[in-house]
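One file, query10.json, carrying JSON, C-alpha atoms:
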```
[["chain", "number", "residue", "atom", "x", "y", "z"],
["A", 8, "MET", "CA", 52.54, 108.98, 150.69],
["A", 9, "ALA", "CA", 50.87, 107.33, 147.68],
["A", 10, "GLN", "CA", 52.80, 107.73, 144.45],
["A", 11, "TYR", "CA", 49.91, 107.74, 141.98],
["A", 12, "LEU", "CA", 46.21, 108.15, 141.34],
["A", 13, "GLY", "CA", 45.35, 106.67, 137.94],
["A", 14, "PRO", "CA", 47.48, 108.49, 135.35],
["A", 15, "LEU", "CA", 48.64, 111.11, 137.90],
["A", 16, "GLU", "CA", 52.03, 110.09, 139.26],
["A", 17, "LEU", "CA", 54.77, 111.60, 141.41],
["A", 18, "ARG", "CA", 57.98, 111.55, 139.36],
["A", 19, "GLY", "CA", 60.92, 112.92, 141.29],
["A", 20, "ASN", "CA", 59.58, 116.13, 142.82],
["A", 21, "GLN", "CA", 56.83, 116.78, 140.23],
["A", 22, "TRP", "CA", 53.29, 115.49, 139.75],
["A", 23, "VAL", "CA", 52.88, 114.33, 136.16],
["A", 24, "ILE", "CA", 49.89, 113.03, 134.21],
["A", 25, "GLY", "CA", 51.00, 110.33, 131.77],
["A", 26, "ASP", "CA", 54.11, 108.24, 131.30],
["A", 27, "PRO", "CA", 57.01, 110.29, 129.88],
["A", 28, "THR", "CA", 59.11, 107.13, 129.34],
["A", 29, "ARG", "CA", 56.81, 105.16, 126.98],
["A", 30, "GLY", "CA", 56.14, 105.65, 123.28],
["A", 31, "ASP", "CA", 55.99, 109.34, 122.41],
["A", 32, "GLY", "CA", 56.39, 110.14, 126.09],
["A", 33, "LEU", "CA", 53.56, 112.65, 126.13],
["A", 34, "SER", "CA", 52.94, 113.99, 129.61],
["A", 35, "VAL", "CA", 51.48, 116.95, 131.44],
["A", 36, "VAL", "CA", 53.49, 118.37, 134.35],
["A", 37, "LEU", "CA", 51.48, 120.08, 137.10],
["A", 38, "ARG", "CA", 53.65, 123.04, 138.07],
["A", 39, "PRO", "CA", 52.94, 125.80, 140.61],
["A", 40, "GLU", "CA", 52.31, 128.28, 137.77],
["A", 41, "GLY", "CA", 50.24, 125.97, 135.53],
["A", 42, "LEU", "CA", 50.20, 123.01, 133.16],
["A", 43, "GLU", "CA", 53.23, 122.20, 131.06],
["A", 44, "GLN", "CA", 53.06, 119.70, 128.20],
["A", 45, "ARG", "CA", 56.12, 117.60, 127.47],
["A", 46, "ARG", "CA", 57.13, 115.21, 124.74],
["A", 47, "ARG", "CA", 60.04, 112.82, 125.23],
["A", 48, "SER", "CA", 61.65, 113.66, 121.88],
["A", 49, "GLU", "CA", 61.76, 117.40, 122.62],
["A", 50, "ALA", "CA", 64.23, 118.90, 125.08],
["A", 51, "ALA", "CA", 62.12, 121.91, 125.99],
["A", 52, "PRO", "CA", 58.52, 121.75, 127.20],
["A", 53, "LEU", "CA", 55.74, 123.27, 125.13],
["A", 54, "PRO", "CA", 54.45, 126.63, 126.42],
["A", 55, "ALA", "CA", 52.77, 126.39, 129.82],
["A", 56, "ILE", "CA", 49.16, 127.37, 130.42],
["A", 57, "LYS", "CA", 48.57, 129.23, 133.70],
["A", 58, "TRP", "CA", 45.96, 127.90, 136.14],
["A", 59, "ALA", "CA", 44.14, 131.24, 136.04],
["A", 60, "ASP", "CA", 43.71, 130.90, 132.26],
["A", 61, "PHE", "CA", 41.23, 128.04, 132.69],
["A", 62, "THR", "CA", 37.54, 128.36, 133.48],
["A", 63, "VAL", "CA", 37.07, 124.59, 133.36],
["A", 64, "LEU", "CA", 39.56, 121.73, 133.43],
["A", 65, "TRP", "CA", 38.94, 117.99, 133.25],
["A", 66, "VAL", "CA", 40.86, 114.78, 132.65],
["A", 67, "ARG", "CA", 39.97, 111.75, 130.55],
["A", 68, "ALA", "CA", 41.58, 108.42, 131.44],
["A", 69, "ALA", "CA", 41.17, 105.08, 129.68],
["A", 70, "TYR", "CA", 41.50, 102.23, 132.16],
["A", 71, "ARG", "CA", 43.76, 100.11, 129.94],
["A", 72, "ARG", "CA", 46.32, 100.91, 127.24],
["A", 73, "TRP", "CA", 44.49, 99.07, 124.46],
["A", 74, "GLN", "CA", 41.46, 101.32, 124.96],
["A", 75, "VAL", "CA", 43.33, 104.26, 123.39],
["A", 76, "THR", "CA", 44.39, 102.37, 120.27],
["A", 77, "ALA", "CA", 42.67, 102.95, 116.94],
["A", 78, "GLY", "CA", 40.29, 99.98, 117.40],
["A", 79, "GLY", "CA", 39.99, 100.34, 121.16],
["A", 80, "GLY", "CA", 37.41, 103.08, 120.89],
["A", 81, "LEU", "CA", 35.12, 100.83, 118.86],
["A", 82, "VAL", "CA", 35.11, 98.07, 121.47],
["A", 83, "GLY", "CA", 33.87, 100.37, 124.23],
["A", 84, "ALA", "CA", 31.72, 102.69, 122.14],
["A", 85, "PHE", "CA", 28.59, 101.59, 123.97],
["A", 86, "GLN", "CA", 29.99, 101.75, 127.51],
["A", 87, "PRO", "CA", 28.86, 105.08, 129.00],
["A", 88, "GLY", "CA", 31.44, 106.96, 131.03],
["A", 89, "VAL", "CA", 34.40, 104.98, 129.69],
["A", 90, "ASN", "CA", 37.06, 107.09, 127.97],
["A", 91, "MET", "CA", 38.37, 105.40, 124.84],
["A", 92, "GLY", "CA", 39.91, 106.14, 121.46],
["A", 93, "ARG", "CA", 42.45, 108.81, 120.55],
["A", 94, "ASP", "CA", 41.38, 111.17, 123.33],
["A", 95, "GLY", "CA", 41.02, 108.42, 125.95],
["A", 96, "CYS", "CA", 44.13, 109.76, 127.68],
["A", 97, "SER", "CA", 43.88, 113.54, 127.60],
["A", 98, "VAL", "CA", 43.42, 116.70, 129.61],
["A", 99, "HIS", "CA", 40.81, 119.23, 128.42],
["A", 100, "GLY", "CA", 39.84, 122.72, 129.39],
["A", 101, "ILE", "CA", 38.14, 125.92, 128.36],
["A", 102, "LEU", "CA", 40.36, 129.00, 128.28],
["A", 103, "HIS", "CA", 39.08, 131.95, 130.29],
["A", 104, "ARG", "CA", 39.62, 134.90, 127.97],
["A", 105, "SER", "CA", 38.88, 133.38, 124.58],
["A", 106, "HIS", "CA", 36.43, 130.67, 125.70],
["A", 107, "GLU", "CA", 38.27, 128.35, 123.31],
["A", 108, "PRO", "CA", 38.62, 124.64, 123.98],
["A", 109, "TRP", "CA", 42.10, 123.44, 124.90],
["A", 110, "SER", "CA", 43.39, 119.87, 125.09],
["A", 111, "VAL", "CA", 46.54, 117.78, 125.23],
["A", 112, "ARG", "CA", 47.07, 114.03, 125.11],
["A", 113, "TYR", "CA", 49.27, 111.98, 127.40],
["A", 114, "THR", "CA", 50.81, 108.51, 127.13],
["A", 115, "HIS", "CA", 49.11, 105.72, 129.10],
["A", 116, "HIS", "CA", 51.29, 103.94, 131.68],
["A", 117, "GLU", "CA", 52.10, 100.24, 131.40],
["A", 118, "ARG", "CA", 49.83, 99.58, 134.40],
["A", 119, "ARG", "CA", 46.06, 99.70, 134.16],
["A", 120, "TYR", "CA", 44.20, 102.46, 135.98],
["A", 121, "THR", "CA", 41.65, 101.29, 138.53],
["A", 122, "GLY", "CA", 38.08, 102.52, 138.34],
["A", 123, "GLY", "CA", 38.29, 104.03, 141.82],
["A", 124, "HIS", "CA", 41.42, 106.01, 140.92],
["A", 125, "VAL", "CA", 39.97, 107.34, 137.67],
["A", 126, "ILE", "CA", 36.71, 108.33, 139.36],
["A", 127, "ALA", "CA", 38.57, 110.09, 142.20],
["A", 128, "LEU", "CA", 40.93, 111.93, 139.82],
["A", 129, "LYS", "CA", 38.05, 113.15, 137.63],
["A", 130, "ALA", "CA", 36.15, 114.28, 140.74],
["A", 131, "LEU", "CA", 39.24, 116.10, 142.03],
["A", 132, "PHE", "CA", 39.51, 118.12, 138.81],
["A", 133, "SER", "CA", 35.77, 118.80, 138.88],
["A", 134, "GLU", "CA", 35.67, 119.94, 142.52],
["A", 135, "LEU", "CA", 38.75, 122.14, 142.18],
["A", 136, "THR", "CA", 37.25, 123.71, 139.04],
["A", 137, "ALA", "CA", 33.99, 124.42, 140.91],
["A", 138, "ALA", "CA", 35.90, 125.92, 143.84],
["A", 139, "LYS", "CA", 38.07, 128.00, 141.45],
["A", 140, "LYS", "CA", 41.13, 126.44, 143.06],
["A", 141, "LEU", "CA", 42.81, 124.71, 140.11],
["A", 142, "ASP", "CA", 46.14, 126.09, 141.35],
["A", 143, "ARG", "CA", 46.01, 123.42, 144.10],
["A", 144, "LEU", "CA", 46.94, 120.92, 141.38],
["A", 145, "GLY", "CA", 50.29, 122.72, 141.15],
["A", 146, "ASP", "CA", 50.91, 122.62, 144.91],
["A", 147, "ARG", "CA", 53.11, 119.52, 145.24],
["A", 148, "GLU", "CA", 52.59, 119.03, 148.97],
["A", 149, "TRP", "CA", 48.83, 119.66, 148.94],
["A", 150, "LEU", "CA", 48.35, 117.36, 145.95],
["A", 151, "GLY", "CA", 50.48, 114.69, 147.63],
["A", 152, "MET", "CA", 48.26, 114.74, 150.71],
["A", 153, "ALA", "CA", 45.13, 114.62, 148.52],
["A", 154, "VAL", "CA", 46.46, 111.67, 146.51],
["A", 155, "ALA", "CA", 47.37, 109.87, 149.75],
["A", 156, "GLU", "CA", 43.73, 110.19, 150.89],
["A", 157, "LEU", "CA", 42.14, 109.41, 147.53],
["A", 158, "SER", "CA", 44.35, 106.50, 146.41],
["A", 159, "SER", "CA", 42.51, 104.10, 148.72],
["A", 160, "HIS", "CA", 39.24, 104.70, 146.83],
["A", 161, "SER", "CA", 38.32, 101.44, 145.08],
["A", 162, "SER", "CA", 34.59, 101.84, 144.46],
["A", 163, "TRP", "CA", 33.15, 102.27, 140.98],
["A", 164, "SER", "CA", 30.50, 104.56, 142.46],
["A", 165, "ARG", "CA", 30.88, 108.12, 141.15],
["A", 166, "SER", "CA", 28.83, 109.53, 144.01],
["A", 167, "LYS", "CA", 31.08, 107.86, 146.61],
["A", 168, "GLY", "CA", 34.15, 109.13, 144.77],
["A", 169, "SER", "CA", 32.79, 112.67, 144.62],
["A", 170, "LEU", "CA", 31.90, 112.61, 148.30],
["A", 171, "LEU", "CA", 35.39, 111.37, 149.23],
["A", 172, "VAL", "CA", 36.96, 114.13, 147.13],
["A", 173, "LYS", "CA", 34.75, 116.81, 148.72],
["A", 174, "GLU", "CA", 35.63, 115.57, 152.22],
["A", 175, "THR", "CA", 39.33, 115.41, 151.34],
["A", 176, "ILE", "CA", 39.37, 118.94, 149.95],
["A", 177, "GLN", "CA", 37.56, 120.24, 153.05],
["A", 178, "SER", "CA", 39.98, 118.47, 155.40],
["A", 179, "LEU", "CA", 43.05, 119.78, 153.55],
["A", 180, "GLY", "CA", 41.62, 123.23, 152.97],
["A", 181, "THR", "CA", 41.49, 125.01, 149.66]]
```

Transcribe the structure of this file into structure tokens.
Amino acid sequence: MAQYLGPLELRGNQWVIGDPTRGDGLSVVLRPEGLEQRRRSEAAPLPAIKWADFTVLWVRAAYRRWQVTAGGGLVGAFQPGVNMGRDGCSVHGILHRSHEPWSVRYTHHERRYTGGHVIALKALFSELTAAKKLDRLGDREWLGMAVAELSSHSSWSRSKGSLLVKETIQSLGT
């Protein structure tokens, strides 16, 4: 089984977005009941948000660490579709009841994220949002099988990535 898809990584028995060991250690744990934000300096996680509380959920992922630095956003300001600057590594959503925006940042890993991985991860969030099956992100086994299928995606084509994600979701069942 593949261990990661861009910033999404299997750590122990949990799927985590971000690197909890670097810098501030900001990360988002995908749990069966919802998203849980963690910070390395704090023993307890911040309050979890349930999957059912989201109407929309998406991930932003800068390909390289320097792209999320203060000046990194300026370098790529004219590159459409590239996530840079302070929110270059973040998870965003709209909360169901209040329709308020919600977001958390995560720490970029030492490794760079490939274009194919980022495209596939973004498409996975998009397709699961459309299918109203965000809770699949908290199903460790299902997500592991999806990551195993999607981690081979190396194309920079968004349409190919979306098609692969749709086929993977259909084959695994939602």

Extract, using all atoms listed in the file, all DNA, RNA and protein residues at most 12 Å from Arg104 in chain A, discarding same-chain residues fewer than 3 positions from it, and format them as a list in words. Ala59, Asp60, Phe61, Thr62, Val63, Ile101, Glu107 and Pro108 of chain A

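The gap separating CA of Arg18 in chain A from CA of Thr181 in chain A is 23.6 Å, in Å to one decimal.
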
Residue neighbourhood His124 in chain A, 12 Å, only C-alpha atoms, exclusion window fewer than 3 positions, as a VMD selection string: chain A and resid 9 11 to 16 67 to 70 119 to 121 127 to 131 154 to 165 167 to 169 171 to 172

If you take only C-alpha atoms and a cut-off of 10 Å, which residues of range 139-169 of chain A touch range 30-49 of chain A, and what are their nearest atom pairs and distances in Å to one decimal, in chain and number order, as a tab-separated table?
```
residue	atom	partner	partner_atom	distance
A:Leu141	CA	A:Gly41	CA	8.8
A:Asp142	CA	A:Pro39	CA	6.8
A:Arg143	CA	A:Pro39	CA	8.1
A:Leu144	CA	A:Leu37	CA	6.3
A:Gly145	CA	A:Pro39	CA	4.1
A:Asp146	CA	A:Pro39	CA	5.7
A:Arg147	CA	A:Pro39	CA	7.8
A:Leu150	CA	A:Leu37	CA	9.8
```

Kindly give the distance, in Å, that separates CA of Leu135 in chain A and CA of Pro54 in chain A, rounded to a single decimal.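 Distance reported for this atom pair: 22.7 Å.
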
Could you work out how far CA of Pro52 in chain A lies from CA of Ala137 in chain A, giving the answer in Å with one decimal? 28.2 Å

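Among the candidates A:Ile56, A:Thr114, A:Thr175, A:Glu148, the one nearest to Leu102 in chain A when counting only C-alpha atoms is A:Ile56.
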
Which residue, A:Val66, A:Phe132, A:Trp58, A:Lys140, has the smallest gap to Ser110 in chain A when you use only C-alpha atoms?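 So, comparing all the options, the nearest one is A:Val66.
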
Let me have the centre and edge lengths in Å, one decimal, of the box along x, y and z around every listed atom of range 103-117 of chain A with 6 Å of margin on each side, as AutoDock Vina command-line options.
```
--center_x 44.3 --center_y 117.6 --center_z 127.5 --size_x 27.7 --size_y 46.7 --size_z 20.4
```
